[in-house]
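So this one's coords_17.cif, mmCIF, C-alpha atoms:
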data_final
loop_
_atom_site.label_atom_id
_atom_site.label_comp_id
_atom_site.auth_asym_id
_atom_site.auth_seq_id
_atom_site.Cartn_x
_atom_site.Cartn_y
_atom_site.Cartn_z
CA MET A 148 71.21 -33.82 -26.07
CA VAL A 149 73.66 -33.26 -28.90
CA ARG A 150 76.41 -30.95 -27.63
CA GLY A 151 80.18 -30.66 -27.94
CA GLY A 152 82.63 -32.84 -29.81
CA SER A 153 84.14 -32.38 -33.23
CA PRO A 154 81.94 -31.27 -36.13
CA ARG A 155 81.88 -34.84 -37.40
CA GLU A 156 80.89 -36.21 -33.98
CA VAL A 157 78.15 -33.61 -33.64
CA ALA A 158 76.83 -34.45 -37.10
CA VAL A 159 76.77 -38.18 -36.32
CA ALA A 160 75.01 -37.56 -33.00
CA GLN A 161 72.46 -35.27 -34.64
CA ARG A 162 71.59 -37.84 -37.27
CA SER A 163 71.22 -40.47 -34.57
CA THR A 164 68.83 -38.19 -32.69
CA VAL A 165 66.84 -37.56 -35.86
CA ARG A 166 66.55 -41.29 -36.59
CA ARG A 167 65.19 -41.88 -33.10
CA LEU A 168 62.77 -38.97 -33.41
CA MET A 169 61.48 -40.25 -36.73
CA TRP A 170 61.05 -43.76 -35.33
CA GLU A 171 59.20 -42.68 -32.20
CA TYR A 172 57.26 -39.60 -33.32
CA GLY A 173 57.59 -39.24 -37.08
CA ARG A 174 54.01 -39.67 -38.18
CA THR A 175 52.16 -36.73 -39.63
CA HIS A 176 48.69 -35.76 -38.46
CA ALA A 177 47.39 -36.36 -41.98
CA ALA A 178 48.68 -39.93 -41.90
CA GLU A 179 47.09 -40.49 -38.50
CA ALA A 180 43.78 -39.25 -39.87
CA GLY A 181 44.00 -41.69 -42.77
CA VAL A 182 44.79 -39.03 -45.37
CA ARG A 183 47.16 -40.13 -48.13
CA LEU A 184 48.38 -36.66 -48.94
CA ARG A 185 48.81 -35.97 -52.66
CA ASN A 186 48.62 -32.88 -54.82
CA THR A 187 44.98 -33.53 -55.69
CA PRO A 188 41.84 -31.73 -54.47
CA ALA A 189 40.34 -34.26 -52.04
CA PRO A 190 43.37 -34.99 -49.82
CA LEU A 191 44.38 -31.32 -49.77
CA TYR A 192 40.90 -30.42 -48.57
CA GLN A 193 41.04 -33.19 -45.97
CA LEU A 194 44.28 -31.69 -44.66
CA LEU A 195 42.56 -28.30 -44.47
CA THR A 196 39.69 -29.89 -42.52
CA LEU A 197 42.20 -31.34 -40.09
CA CYS A 198 43.75 -27.90 -39.64
CA VAL A 199 40.34 -26.42 -38.82
CA LEU A 200 39.88 -29.10 -36.17
CA PHE A 201 43.29 -28.28 -34.68
CA SER A 202 42.57 -24.55 -34.56
CA VAL A 203 40.99 -24.64 -31.10
CA ARG A 204 42.40 -25.77 -27.77
CA ILE A 205 41.81 -29.49 -28.24
CA LYS A 206 43.98 -32.56 -27.77
CA ALA A 207 45.67 -33.78 -30.93
CA ASP A 208 44.27 -37.29 -30.69
CA ILE A 209 40.72 -35.93 -30.42
CA ALA A 210 41.19 -33.67 -33.44
CA VAL A 211 42.50 -36.60 -35.46
CA ALA A 212 39.63 -38.81 -34.29
CA ALA A 213 37.17 -36.10 -35.31
CA ALA A 214 38.68 -35.94 -38.78
CA ARG A 215 38.35 -39.70 -39.11
CA GLU A 216 34.69 -39.54 -38.11
CA LEU A 217 33.95 -36.78 -40.61
CA PHE A 218 35.72 -38.63 -43.42
CA ALA A 219 34.02 -41.92 -42.54
CA ALA A 220 30.68 -40.10 -42.78
CA GLY A 221 31.56 -39.12 -46.35
CA MET A 222 32.66 -35.52 -45.75
CA ARG A 223 35.89 -35.80 -47.71
CA THR A 224 35.38 -32.96 -50.18
CA PRO A 225 34.22 -29.36 -49.80
CA ARG A 226 31.08 -30.16 -51.80
CA ALA A 227 30.20 -33.07 -49.51
CA MET A 228 30.98 -31.00 -46.41
CA ALA A 229 28.88 -28.07 -47.59
CA ALA A 230 25.96 -30.35 -48.45
CA ALA A 231 26.00 -32.22 -45.13
CA PRO A 232 23.35 -31.24 -42.59
CA TRP A 233 24.84 -29.20 -39.76
CA GLN A 234 23.61 -31.75 -37.21
CA ASP A 235 25.48 -34.53 -39.02
CA LEU A 236 28.70 -32.58 -38.54
CA VAL A 237 27.93 -32.03 -34.87
CA ASP A 238 27.14 -35.73 -34.42
CA ALA A 239 30.39 -36.80 -36.12
CA LEU A 240 32.38 -34.48 -33.89
CA GLY A 241 30.52 -35.76 -30.84
CA ARG A 242 31.40 -39.37 -31.67
CA ALA A 243 35.05 -38.32 -31.45
CA HIS A 244 34.43 -36.59 -28.08
CA TYR A 245 35.20 -33.24 -29.70
CA ARG A 246 33.31 -31.49 -26.93
CA ARG A 247 32.73 -27.81 -26.18
CA TYR A 248 33.69 -26.75 -29.70
CA ASP A 249 31.47 -29.16 -31.62
CA GLU A 250 28.74 -26.72 -32.66
CA SER A 251 31.03 -23.78 -33.50
CA THR A 252 33.39 -26.08 -35.39
CA ALA A 253 30.52 -27.61 -37.37
CA THR A 254 29.55 -24.09 -38.39
CA ALA A 255 33.16 -23.23 -39.29
CA LEU A 256 33.54 -26.40 -41.37
CA GLY A 257 30.39 -25.64 -43.33
CA ALA A 258 31.41 -22.03 -43.90
CA GLY A 259 34.92 -23.07 -44.85
CA ALA A 260 33.65 -25.59 -47.38
CA GLU A 261 31.46 -22.92 -48.98
CA PHE A 262 34.43 -20.54 -49.04
CA VAL A 263 36.69 -23.07 -50.76
CA LEU A 264 33.98 -23.83 -53.32
CA ASP A 265 33.24 -20.17 -54.03
CA ARG A 266 36.82 -18.88 -54.07
CA TYR A 267 38.73 -21.85 -55.50
CA GLY A 268 36.14 -24.08 -57.12
CA GLY A 269 36.80 -26.68 -54.43
CA ASP A 270 40.45 -27.07 -55.48
CA LEU A 271 43.15 -25.78 -53.12
CA ARG A 272 45.69 -26.03 -55.91
CA ARG A 273 44.13 -22.77 -57.10
CA LEU A 274 44.98 -21.22 -53.73
CA ARG A 275 48.54 -22.39 -54.31
CA ALA A 276 48.54 -20.80 -57.77
CA ALA A 277 47.22 -17.56 -56.30
CA ALA A 278 50.18 -17.47 -53.90
CA ASP A 279 52.51 -17.69 -56.91
CA GLY A 280 55.26 -19.57 -55.08
CA ASP A 281 55.35 -17.23 -52.06
CA PRO A 282 55.01 -19.20 -48.78
CA ALA A 283 54.11 -16.08 -46.80
CA ARG A 284 51.31 -15.24 -49.22
CA LEU A 285 50.09 -18.82 -49.13
CA ARG A 286 49.82 -18.59 -45.34
CA GLU A 287 47.84 -15.36 -45.69
CA LEU A 288 45.41 -16.98 -48.12
CA LEU A 289 44.95 -19.98 -45.87
CA GLN A 290 43.97 -17.65 -43.03
CA GLU A 291 41.08 -16.34 -45.10
CA VAL A 292 39.40 -19.72 -44.55
CA PRO A 293 37.01 -19.56 -41.57
CA ARG A 294 38.65 -20.70 -38.31
CA ILE A 295 42.13 -21.03 -39.83
CA GLY A 296 44.62 -18.81 -38.00
CA PRO A 297 48.41 -18.79 -37.77
CA VAL A 298 48.52 -22.18 -36.01
CA GLY A 299 46.28 -23.83 -38.59
CA ALA A 300 48.27 -22.29 -41.42
CA ASP A 301 51.52 -23.55 -39.86
CA ILE A 302 50.11 -27.07 -39.61
CA PHE A 303 48.93 -27.01 -43.21
CA CYS A 304 52.30 -25.81 -44.52
CA ARG A 305 54.22 -28.22 -42.30
CA GLU A 306 52.34 -31.18 -43.75
CA ALA A 307 51.83 -29.90 -47.30
CA GLN A 308 55.55 -29.26 -47.84
CA GLY A 309 55.75 -32.90 -48.89
CA VAL A 310 53.69 -32.15 -52.00
CA TRP A 311 54.24 -28.38 -52.43
CA PRO A 312 58.03 -27.95 -52.64
CA GLU A 313 57.94 -24.15 -52.45
CA LEU A 314 56.99 -24.49 -48.76
CA ARG A 315 60.20 -26.34 -47.91
CA PRO A 316 61.64 -26.27 -45.37
CA ALA A 317 58.62 -25.60 -43.13
CA PHE A 318 59.49 -25.80 -39.42
CA ASP A 319 57.39 -23.56 -37.22
CA ALA A 320 58.47 -21.97 -33.92
CA ARG A 321 57.48 -25.01 -31.85
CA ALA A 322 59.49 -27.37 -34.04
CA ARG A 323 62.53 -25.07 -33.98
CA HIS A 324 62.35 -24.70 -30.21
CA ALA A 325 62.26 -28.46 -29.74
CA ALA A 326 65.17 -28.86 -32.14
CA GLY A 327 67.30 -26.40 -30.20
CA ALA A 328 66.51 -28.15 -26.90
CA LEU A 329 67.62 -31.43 -28.45
CA GLY A 330 70.91 -30.00 -29.70
CA LEU A 331 69.76 -30.00 -33.32
CA PRO A 332 69.97 -27.05 -35.68
CA ASN A 333 67.23 -24.56 -34.84
CA THR A 334 66.86 -23.11 -38.32
CA PRO A 335 64.68 -24.60 -41.07
CA GLU A 336 67.66 -24.80 -43.40
CA GLY A 337 69.82 -26.58 -40.83
CA LEU A 338 67.11 -29.11 -40.05
CA ALA A 339 66.45 -29.72 -43.74
CA ARG A 340 70.03 -30.91 -44.17
CA LEU A 341 69.38 -33.81 -41.78
CA VAL A 342 66.71 -35.63 -43.81
CA SER A 343 65.56 -36.10 -47.37
CA ALA A 344 62.98 -33.71 -48.80
CA ASP A 345 60.33 -36.44 -48.60
CA ASP A 346 60.92 -36.79 -44.86
CA LEU A 347 60.63 -33.09 -43.99
CA PRO A 348 56.95 -33.35 -42.96
CA ARG A 349 57.71 -36.29 -40.68
CA LEU A 350 60.65 -34.57 -38.99
CA ALA A 351 58.62 -31.39 -38.47
CA ALA A 352 55.76 -33.43 -36.99
CA ALA A 353 58.13 -35.32 -34.70
CA LEU A 354 59.67 -32.12 -33.34
CA VAL A 355 56.27 -30.57 -32.68
CA ARG A 356 55.15 -33.69 -30.82
CA VAL A 357 58.25 -33.48 -28.64
CA GLU A 358 57.63 -29.80 -27.94
CA LEU A 359 53.98 -30.36 -27.05
CA ALA A 360 54.95 -33.23 -24.74
CA ARG A 361 57.51 -31.00 -23.02
CA ALA A 362 54.94 -28.27 -22.57
CA ALA A 363 52.38 -30.71 -21.18
CA ASP A 364 54.77 -32.40 -18.77
CA GLY A 365 56.78 -29.34 -17.76
CA LEU A 366 59.95 -31.31 -18.49
CA HIS A 367 63.08 -30.54 -20.45
CA ALA A 368 63.54 -32.62 -23.56
CA THR A 369 66.56 -34.88 -23.53
CA ALA A 370 68.07 -37.02 -26.22
#
Rewritten as structure tokens:
Amino acid sequence: MVRGGSPREVAVAQRSTVRRLMWEYGRTHAAEAGVRLRNTPAPLYQLLTLCVLFSVRIKADIAVAAARELFAAGMRTPRAMAAAPWQDLVDALGRAHYRRYDESTATALGAGAEFVLDRYGGDLRRLRAAADGDPARLRELLQEVPRIGPVGADIFCREAQGVWPELRPAFDARARHAAGALGLPNTPEGLARLVSADDLPRLAAALVRVELARAADGLHATA
């Protein structure tokens, strides 16, 4: 935990903590799911799909595995997702052991794909344009997608800040809580000063992983 000392000593200790966090936990969910996130329609939609999968009480590794199964089955675009038979979606989710929510999530994915096609022509960059540079508005628009709620919108913004600069710095409540417990700044602006803009998604992901691990284990984070 980074506490005490001179401002310079605190800064050095904080950067050391961040380097360790990035090394151990700094992989985004998109990267884990095999998504090379760019500001183009297909990877942005794949990130949205991942957020839908995360929007129920499911383990992170199962949600990521489900995304991989869907993408491997060719459901990488809203058009492909909307055209896929509902049972194919259920089967892909089942292969990833995405149990209990498989049928409702298959329905949500199909409805969401249709929504993205109808509202944005299959291109989430149009959603970004509709938000007109306002992160709060962008979160509101994301939550119009079936199954996407505040958590899903936070995940999308956390990961998309790497390609949509107006979202920076995006550190949700879980990331900020973990940062404070580790003796790091607990404001988005303070955290953003510790890494380059390109590394913001990785730091946010690392902090959330730490917070989720603390919650699961009932332990206090130490560093």
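Atom CA of A:Pro188 lies 19.3 Å from atom CA of A:Asp301.
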**Report entry** For A:Pro335, the nearest of the candidates A:Ala322, A:Leu359, A:Gly280, A:Pro316, counting only C-alpha atoms
**Finding:** A:Pro316
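When only C-alpha atoms are used to measure the gap to A:Glu336, the shortest distance among A:Arg323, A:Arg185, A:Leu197, A:Ile302 belongs to A:Arg323.
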Query raised in the report: So what does the PyMOL selection byres ((chain A and resi 196) around 9) actually pick up in this one, as a PyMOL selection string?
Result: chain A and resi 191-195+197-201+214+223+256+259-260
Keeping C-alpha atoms for every residue in the selection just given, could you write it to a file as a PDB file, in the frame of the given file?
ATOM      1  CA  LEU A 191      44.380 -31.320 -49.770  1.00  0.00           C
ATOM      2  CA  TYR A 192      40.900 -30.420 -48.570  1.00  0.00           C
ATOM      3  CA  GLN A 193      41.040 -33.190 -45.970  1.00  0.00           C
ATOM      4  CA  LEU A 194      44.280 -31.690 -44.660  1.00  0.00           C
ATOM      5  CA  LEU A 195      42.560 -28.300 -44.470  1.00  0.00           C
ATOM      6  CA  LEU A 197      42.200 -31.340 -40.090  1.00  0.00           C
ATOM      7  CA  CYS A 198      43.750 -27.900 -39.640  1.00  0.00           C
ATOM      8  CA  VAL A 199      40.340 -26.420 -38.820  1.00  0.00           C
ATOM      9  CA  LEU A 200      39.880 -29.100 -36.170  1.00  0.00           C
ATOM     10  CA  PHE A 201      43.290 -28.280 -34.680  1.00  0.00           C
ATOM     11  CA  ALA A 214      38.680 -35.940 -38.780  1.00  0.00           C
ATOM     12  CA  ARG A 223      35.890 -35.800 -47.710  1.00  0.00           C
ATOM     13  CA  LEU A 256      33.540 -26.400 -41.370  1.00  0.00           C
ATOM     14  CA  GLY A 259      34.920 -23.070 -44.850  1.00  0.00           C
ATOM     15  CA  ALA A 260      33.650 -25.590 -47.380  1.00  0.00           C
TER      16      ALA A 260
END
Requested in this report: On this file, the PyMOL selection byres ((chain A and resi 219) around 12) gives some set of residues; write that set as a list in words.
Outcome: Ala180, Gly181, Val182, Gln193, Ala212, Ala213, Ala214, Arg215, Glu216, Leu217, Phe218, Ala220, Gly221, Met222, Arg223, Thr224, Ala227, Met228, Asp235, Leu236, Ala239, Leu240, Arg242 and Ala243 of chain A
Using C-alpha atoms, can you write the selected residues to a file as an mmCIF file, in the coordinates of the input?
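Writing done, so here's again20.cif:
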data_model
loop_
_atom_site.group_PDB
_atom_site.id
_atom_site.type_symbol
_atom_site.label_atom_id
_atom_site.label_comp_id
_atom_site.auth_asym_id
_atom_site.auth_seq_id
_atom_site.Cartn_x
_atom_site.Cartn_y
_atom_site.Cartn_z
ATOM 1 C CA ALA A 180 43.780 -39.250 -39.870
ATOM 2 C CA GLY A 181 44.000 -41.690 -42.770
ATOM 3 C CA VAL A 182 44.790 -39.030 -45.370
ATOM 4 C CA GLN A 193 41.040 -33.190 -45.970
ATOM 5 C CA ALA A 212 39.630 -38.810 -34.290
ATOM 6 C CA ALA A 213 37.170 -36.100 -35.310
ATOM 7 C CA ALA A 214 38.680 -35.940 -38.780
ATOM 8 C CA ARG A 215 38.350 -39.700 -39.110
ATOM 9 C CA GLU A 216 34.690 -39.540 -38.110
ATOM 10 C CA LEU A 217 33.950 -36.780 -40.610
ATOM 11 C CA PHE A 218 35.720 -38.630 -43.420
ATOM 12 C CA ALA A 220 30.680 -40.100 -42.780
ATOM 13 C CA GLY A 221 31.560 -39.120 -46.350
ATOM 14 C CA MET A 222 32.660 -35.520 -45.750
ATOM 15 C CA ARG A 223 35.890 -35.800 -47.710
ATOM 16 C CA THR A 224 35.380 -32.960 -50.180
ATOM 17 C CA ALA A 227 30.200 -33.070 -49.510
ATOM 18 C CA MET A 228 30.980 -31.000 -46.410
ATOM 19 C CA ASP A 235 25.480 -34.530 -39.020
ATOM 20 C CA LEU A 236 28.700 -32.580 -38.540
ATOM 21 C CA ALA A 239 30.390 -36.800 -36.120
ATOM 22 C CA LEU A 240 32.380 -34.480 -33.890
ATOM 23 C CA ARG A 242 31.400 -39.370 -31.670
ATOM 24 C CA ALA A 243 35.050 -38.320 -31.450
#
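Minimum distance to A:Ser163 across A:Leu314, A:Val298, A:Leu341, A:Ile209 (counting all atoms listed in the file) occurs at A:Leu341.
For the pair atom CA of A:Leu331 and atom CA of A:Ala344, the separation is 17.3 Å.
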Requested in this report: Taking the file as shown, find all residues satisfying the PyMOL selection byres ((chain A and resi 346) around 12) and write them as a PyMOL selection string.
Outcome: chain A and resi 165-166+168-170+173-175+305-310+315-317+338-345+347-353
Query raised in the report: In Å, with one decimal, what is the gap from atom CA of A:Thr254 to atom CA of A:Asp238?
Result: 12.5 Å
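Shortest separation to A:Leu184 among A:Trp311, A:Tyr248, A:Trp233, A:Tyr172 occurs at residue A:Trp311, atoms counted being only C-alpha atoms.
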Taking all atoms of stretch 175-184 of chain A that appear in the file, build a box with edges along x, y and z, extend it by 6 Å on every side, and state its centre and edge lengths in Å to one decimal, as lines of an AutoDock Vina configuration file.
center_x = 48.0
center_y = -38.7
center_z = -43.7
size_x = 20.4
size_y = 17.9
size_z = 22.5
Extract stretch 186-218 of chain A from the structure I just pasted (atoms: N, CA, C and O atoms) and return it as a PDB file, in the first residue's frame.
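The new file out25.pdb reads:
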ATOM      1  N   ASN A 186     -11.175   1.591 -34.082  1.00  0.00           N
ATOM      2  CA  ASN A 186     -12.344   2.424 -34.338  1.00  0.00           C
ATOM      3  C   ASN A 186     -12.960   2.059 -35.689  1.00  0.00           C
ATOM      4  O   ASN A 186     -13.051   2.870 -36.611  1.00  0.00           O
ATOM      5  N   THR A 187     -13.377   0.809 -35.798  1.00  0.00           N
ATOM      6  CA  THR A 187     -14.041   0.297 -36.984  1.00  0.00           C
ATOM      7  C   THR A 187     -15.245  -0.525 -36.526  1.00  0.00           C
ATOM      8  O   THR A 187     -15.294  -0.989 -35.381  1.00  0.00           O
ATOM      9  N   PRO A 188     -16.241  -0.723 -37.394  1.00  0.00           N
ATOM     10  CA  PRO A 188     -17.510  -1.309 -36.940  1.00  0.00           C
ATOM     11  C   PRO A 188     -17.406  -2.687 -36.295  1.00  0.00           C
ATOM     12  O   PRO A 188     -18.035  -2.917 -35.245  1.00  0.00           O
ATOM     13  N   ALA A 189     -16.682  -3.616 -36.897  1.00  0.00           N
ATOM     14  CA  ALA A 189     -16.701  -4.990 -36.381  1.00  0.00           C
ATOM     15  C   ALA A 189     -16.141  -5.105 -34.962  1.00  0.00           C
ATOM     16  O   ALA A 189     -16.814  -5.658 -34.078  1.00  0.00           O
ATOM     17  N   PRO A 190     -14.921  -4.611 -34.684  1.00  0.00           N
ATOM     18  CA  PRO A 190     -14.428  -4.749 -33.306  1.00  0.00           C
ATOM     19  C   PRO A 190     -15.236  -3.973 -32.284  1.00  0.00           C
ATOM     20  O   PRO A 190     -15.376  -4.419 -31.137  1.00  0.00           O
ATOM     21  N   LEU A 191     -15.799  -2.838 -32.656  1.00  0.00           N
ATOM     22  CA  LEU A 191     -16.647  -2.098 -31.714  1.00  0.00           C
ATOM     23  C   LEU A 191     -17.895  -2.910 -31.384  1.00  0.00           C
ATOM     24  O   LEU A 191     -18.325  -2.962 -30.222  1.00  0.00           O
ATOM     25  N   TYR A 192     -18.471  -3.566 -32.392  1.00  0.00           N
ATOM     26  CA  TYR A 192     -19.631  -4.411 -32.112  1.00  0.00           C
ATOM     27  C   TYR A 192     -19.240  -5.625 -31.270  1.00  0.00           C
ATOM     28  O   TYR A 192     -19.995  -6.046 -30.381  1.00  0.00           O
ATOM     29  N   GLN A 193     -18.072  -6.175 -31.516  1.00  0.00           N
ATOM     30  CA  GLN A 193     -17.615  -7.312 -30.704  1.00  0.00           C
ATOM     31  C   GLN A 193     -17.443  -6.900 -29.253  1.00  0.00           C
ATOM     32  O   GLN A 193     -17.764  -7.675 -28.337  1.00  0.00           O
ATOM     33  N   LEU A 194     -16.952  -5.692 -29.011  1.00  0.00           N
ATOM     34  CA  LEU A 194     -16.868  -5.193 -27.636  1.00  0.00           C
ATOM     35  C   LEU A 194     -18.267  -5.067 -27.036  1.00  0.00           C
ATOM     36  O   LEU A 194     -18.483  -5.437 -25.873  1.00  0.00           O
ATOM     37  N   LEU A 195     -19.219  -4.571 -27.795  1.00  0.00           N
ATOM     38  CA  LEU A 195     -20.590  -4.457 -27.300  1.00  0.00           C
ATOM     39  C   LEU A 195     -21.151  -5.841 -26.953  1.00  0.00           C
ATOM     40  O   LEU A 195     -21.813  -6.011 -25.923  1.00  0.00           O
ATOM     41  N   THR A 196     -20.885  -6.829 -27.799  1.00  0.00           N
ATOM     42  CA  THR A 196     -21.321  -8.198 -27.519  1.00  0.00           C
ATOM     43  C   THR A 196     -20.744  -8.683 -26.193  1.00  0.00           C
ATOM     44  O   THR A 196     -21.448  -9.286 -25.369  1.00  0.00           O
ATOM     45  N   LEU A 197     -19.482  -8.408 -25.984  1.00  0.00           N
ATOM     46  CA  LEU A 197     -18.839  -8.803 -24.734  1.00  0.00           C
ATOM     47  C   LEU A 197     -19.522  -8.130 -23.541  1.00  0.00           C
ATOM     48  O   LEU A 197     -19.731  -8.762 -22.496  1.00  0.00           O
ATOM     49  N   CYS A 198     -19.902  -6.875 -23.707  1.00  0.00           N
ATOM     50  CA  CYS A 198     -20.573  -6.161 -22.617  1.00  0.00           C
ATOM     51  C   CYS A 198     -21.942  -6.754 -22.320  1.00  0.00           C
ATOM     52  O   CYS A 198     -22.361  -6.810 -21.156  1.00  0.00           O
ATOM     53  N   VAL A 199     -22.654  -7.202 -23.347  1.00  0.00           N
ATOM     54  CA  VAL A 199     -23.926  -7.889 -23.131  1.00  0.00           C
ATOM     55  C   VAL A 199     -23.694  -9.152 -22.310  1.00  0.00           C
ATOM     56  O   VAL A 199     -24.439  -9.453 -21.368  1.00  0.00           O
ATOM     57  N   LEU A 200     -22.661  -9.889 -22.642  1.00  0.00           N
ATOM     58  CA  LEU A 200     -22.365 -11.136 -21.935  1.00  0.00           C
ATOM     59  C   LEU A 200     -21.993 -10.887 -20.477  1.00  0.00           C
ATOM     60  O   LEU A 200     -22.267 -11.724 -19.607  1.00  0.00           O
ATOM     61  N   PHE A 201     -21.395  -9.748 -20.194  1.00  0.00           N
ATOM     62  CA  PHE A 201     -21.002  -9.395 -18.832  1.00  0.00           C
ATOM     63  C   PHE A 201     -22.161  -8.814 -18.018  1.00  0.00           C
ATOM     64  O   PHE A 201     -22.016  -8.604 -16.815  1.00  0.00           O
ATOM     65  N   SER A 202     -23.281  -8.547 -18.659  1.00  0.00           N
ATOM     66  CA  SER A 202     -24.358  -7.817 -17.996  1.00  0.00           C
ATOM     67  C   SER A 202     -25.309  -8.700 -17.201  1.00  0.00           C
ATOM     68  O   SER A 202     -26.439  -8.305 -16.912  1.00  0.00           O
ATOM     69  N   VAL A 203     -24.863  -9.891 -16.841  1.00  0.00           N
ATOM     70  CA  VAL A 203     -25.573 -10.756 -15.899  1.00  0.00           C
ATOM     71  C   VAL A 203     -24.545 -11.225 -14.878  1.00  0.00           C
ATOM     72  O   VAL A 203     -23.339 -11.017 -15.034  1.00  0.00           O
ATOM     73  N   ARG A 204     -25.017 -11.884 -13.832  1.00  0.00           N
ATOM     74  CA  ARG A 204     -24.109 -12.355 -12.790  1.00  0.00           C
ATOM     75  C   ARG A 204     -23.413 -13.626 -13.280  1.00  0.00           C
ATOM     76  O   ARG A 204     -23.910 -14.737 -13.094  1.00  0.00           O
ATOM     77  N   ILE A 205     -22.295 -13.427 -13.949  1.00  0.00           N
ATOM     78  CA  ILE A 205     -21.554 -14.538 -14.550  1.00  0.00           C
ATOM     79  C   ILE A 205     -20.070 -14.291 -14.329  1.00  0.00           C
ATOM     80  O   ILE A 205     -19.634 -13.144 -14.246  1.00  0.00           O
ATOM     81  N   LYS A 206     -19.296 -15.347 -14.201  1.00  0.00           N
ATOM     82  CA  LYS A 206     -17.854 -15.182 -14.018  1.00  0.00           C
ATOM     83  C   LYS A 206     -17.234 -14.594 -15.275  1.00  0.00           C
ATOM     84  O   LYS A 206     -17.632 -14.921 -16.396  1.00  0.00           O
ATOM     85  N   ALA A 207     -16.204 -13.767 -15.068  1.00  0.00           N
ATOM     86  CA  ALA A 207     -15.579 -13.073 -16.190  1.00  0.00           C
ATOM     87  C   ALA A 207     -15.002 -14.048 -17.205  1.00  0.00           C
ATOM     88  O   ALA A 207     -15.131 -13.843 -18.415  1.00  0.00           O
ATOM     89  N   ASP A 208     -14.374 -15.123 -16.736  1.00  0.00           N
ATOM     90  CA  ASP A 208     -13.755 -16.040 -17.681  1.00  0.00           C
ATOM     91  C   ASP A 208     -14.800 -16.756 -18.530  1.00  0.00           C
ATOM     92  O   ASP A 208     -14.558 -17.076 -19.701  1.00  0.00           O
ATOM     93  N   ILE A 209     -15.982 -16.979 -17.975  1.00  0.00           N
ATOM     94  CA  ILE A 209     -17.049 -17.625 -18.749  1.00  0.00           C
ATOM     95  C   ILE A 209     -17.604 -16.650 -19.785  1.00  0.00           C
ATOM     96  O   ILE A 209     -17.872 -17.033 -20.934  1.00  0.00           O
ATOM     97  N   ALA A 210     -17.775 -15.398 -19.407  1.00  0.00           N
ATOM     98  CA  ALA A 210     -18.248 -14.399 -20.372  1.00  0.00           C
ATOM     99  C   ALA A 210     -17.268 -14.256 -21.531  1.00  0.00           C
ATOM    100  O   ALA A 210     -17.673 -14.176 -22.699  1.00  0.00           O
ATOM    101  N   VAL A 211     -15.985 -14.229 -21.226  1.00  0.00           N
ATOM    102  CA  VAL A 211     -14.974 -14.118 -22.277  1.00  0.00           C
ATOM    103  C   VAL A 211     -14.986 -15.367 -23.160  1.00  0.00           C
ATOM    104  O   VAL A 211     -14.914 -15.273 -24.394  1.00  0.00           O
ATOM    105  N   ALA A 212     -15.105 -16.529 -22.544  1.00  0.00           N
ATOM    106  CA  ALA A 212     -15.158 -17.770 -23.320  1.00  0.00           C
ATOM    107  C   ALA A 212     -16.382 -17.787 -24.227  1.00  0.00           C
ATOM    108  O   ALA A 212     -16.319 -18.252 -25.374  1.00  0.00           O
ATOM    109  N   ALA A 213     -17.505 -17.272 -23.733  1.00  0.00           N
ATOM    110  CA  ALA A 213     -18.715 -17.214 -24.549  1.00  0.00           C
ATOM    111  C   ALA A 213     -18.520 -16.304 -25.754  1.00  0.00           C
ATOM    112  O   ALA A 213     -18.960 -16.622 -26.872  1.00  0.00           O
ATOM    113  N   ALA A 214     -17.865 -15.165 -25.542  1.00  0.00           N
ATOM    114  CA  ALA A 214     -17.586 -14.275 -26.664  1.00  0.00           C
ATOM    115  C   ALA A 214     -16.723 -14.971 -27.701  1.00  0.00           C
ATOM    116  O   ALA A 214     -16.976 -14.882 -28.918  1.00  0.00           O
ATOM    117  N   ARG A 215     -15.721 -15.675 -27.251  1.00  0.00           N
ATOM    118  CA  ARG A 215     -14.849 -16.400 -28.185  1.00  0.00           C
ATOM    119  C   ARG A 215     -15.641 -17.420 -29.000  1.00  0.00           C
ATOM    120  O   ARG A 215     -15.423 -17.587 -30.203  1.00  0.00           O
ATOM    121  N   GLU A 216     -16.546 -18.125 -28.346  1.00  0.00           N
ATOM    122  CA  GLU A 216     -17.349 -19.128 -29.053  1.00  0.00           C
ATOM    123  C   GLU A 216     -18.249 -18.464 -30.095  1.00  0.00           C
ATOM    124  O   GLU A 216     -18.383 -18.965 -31.222  1.00  0.00           O
ATOM    125  N   LEU A 217     -18.880 -17.369 -29.732  1.00  0.00           N
ATOM    126  CA  LEU A 217     -19.730 -16.655 -30.682  1.00  0.00           C
ATOM    127  C   LEU A 217     -18.929 -16.160 -31.879  1.00  0.00           C
ATOM    128  O   LEU A 217     -19.362 -16.305 -33.037  1.00  0.00           O
ATOM    129  N   PHE A 218     -17.768 -15.585 -31.612  1.00  0.00           N
ATOM    130  CA  PHE A 218     -16.952 -15.051 -32.704  1.00  0.00           C
ATOM    131  C   PHE A 218     -16.418 -16.179 -33.584  1.00  0.00           C
ATOM    132  O   PHE A 218     -16.365 -16.051 -34.808  1.00  0.00           O
TER     133      PHE A 218
END
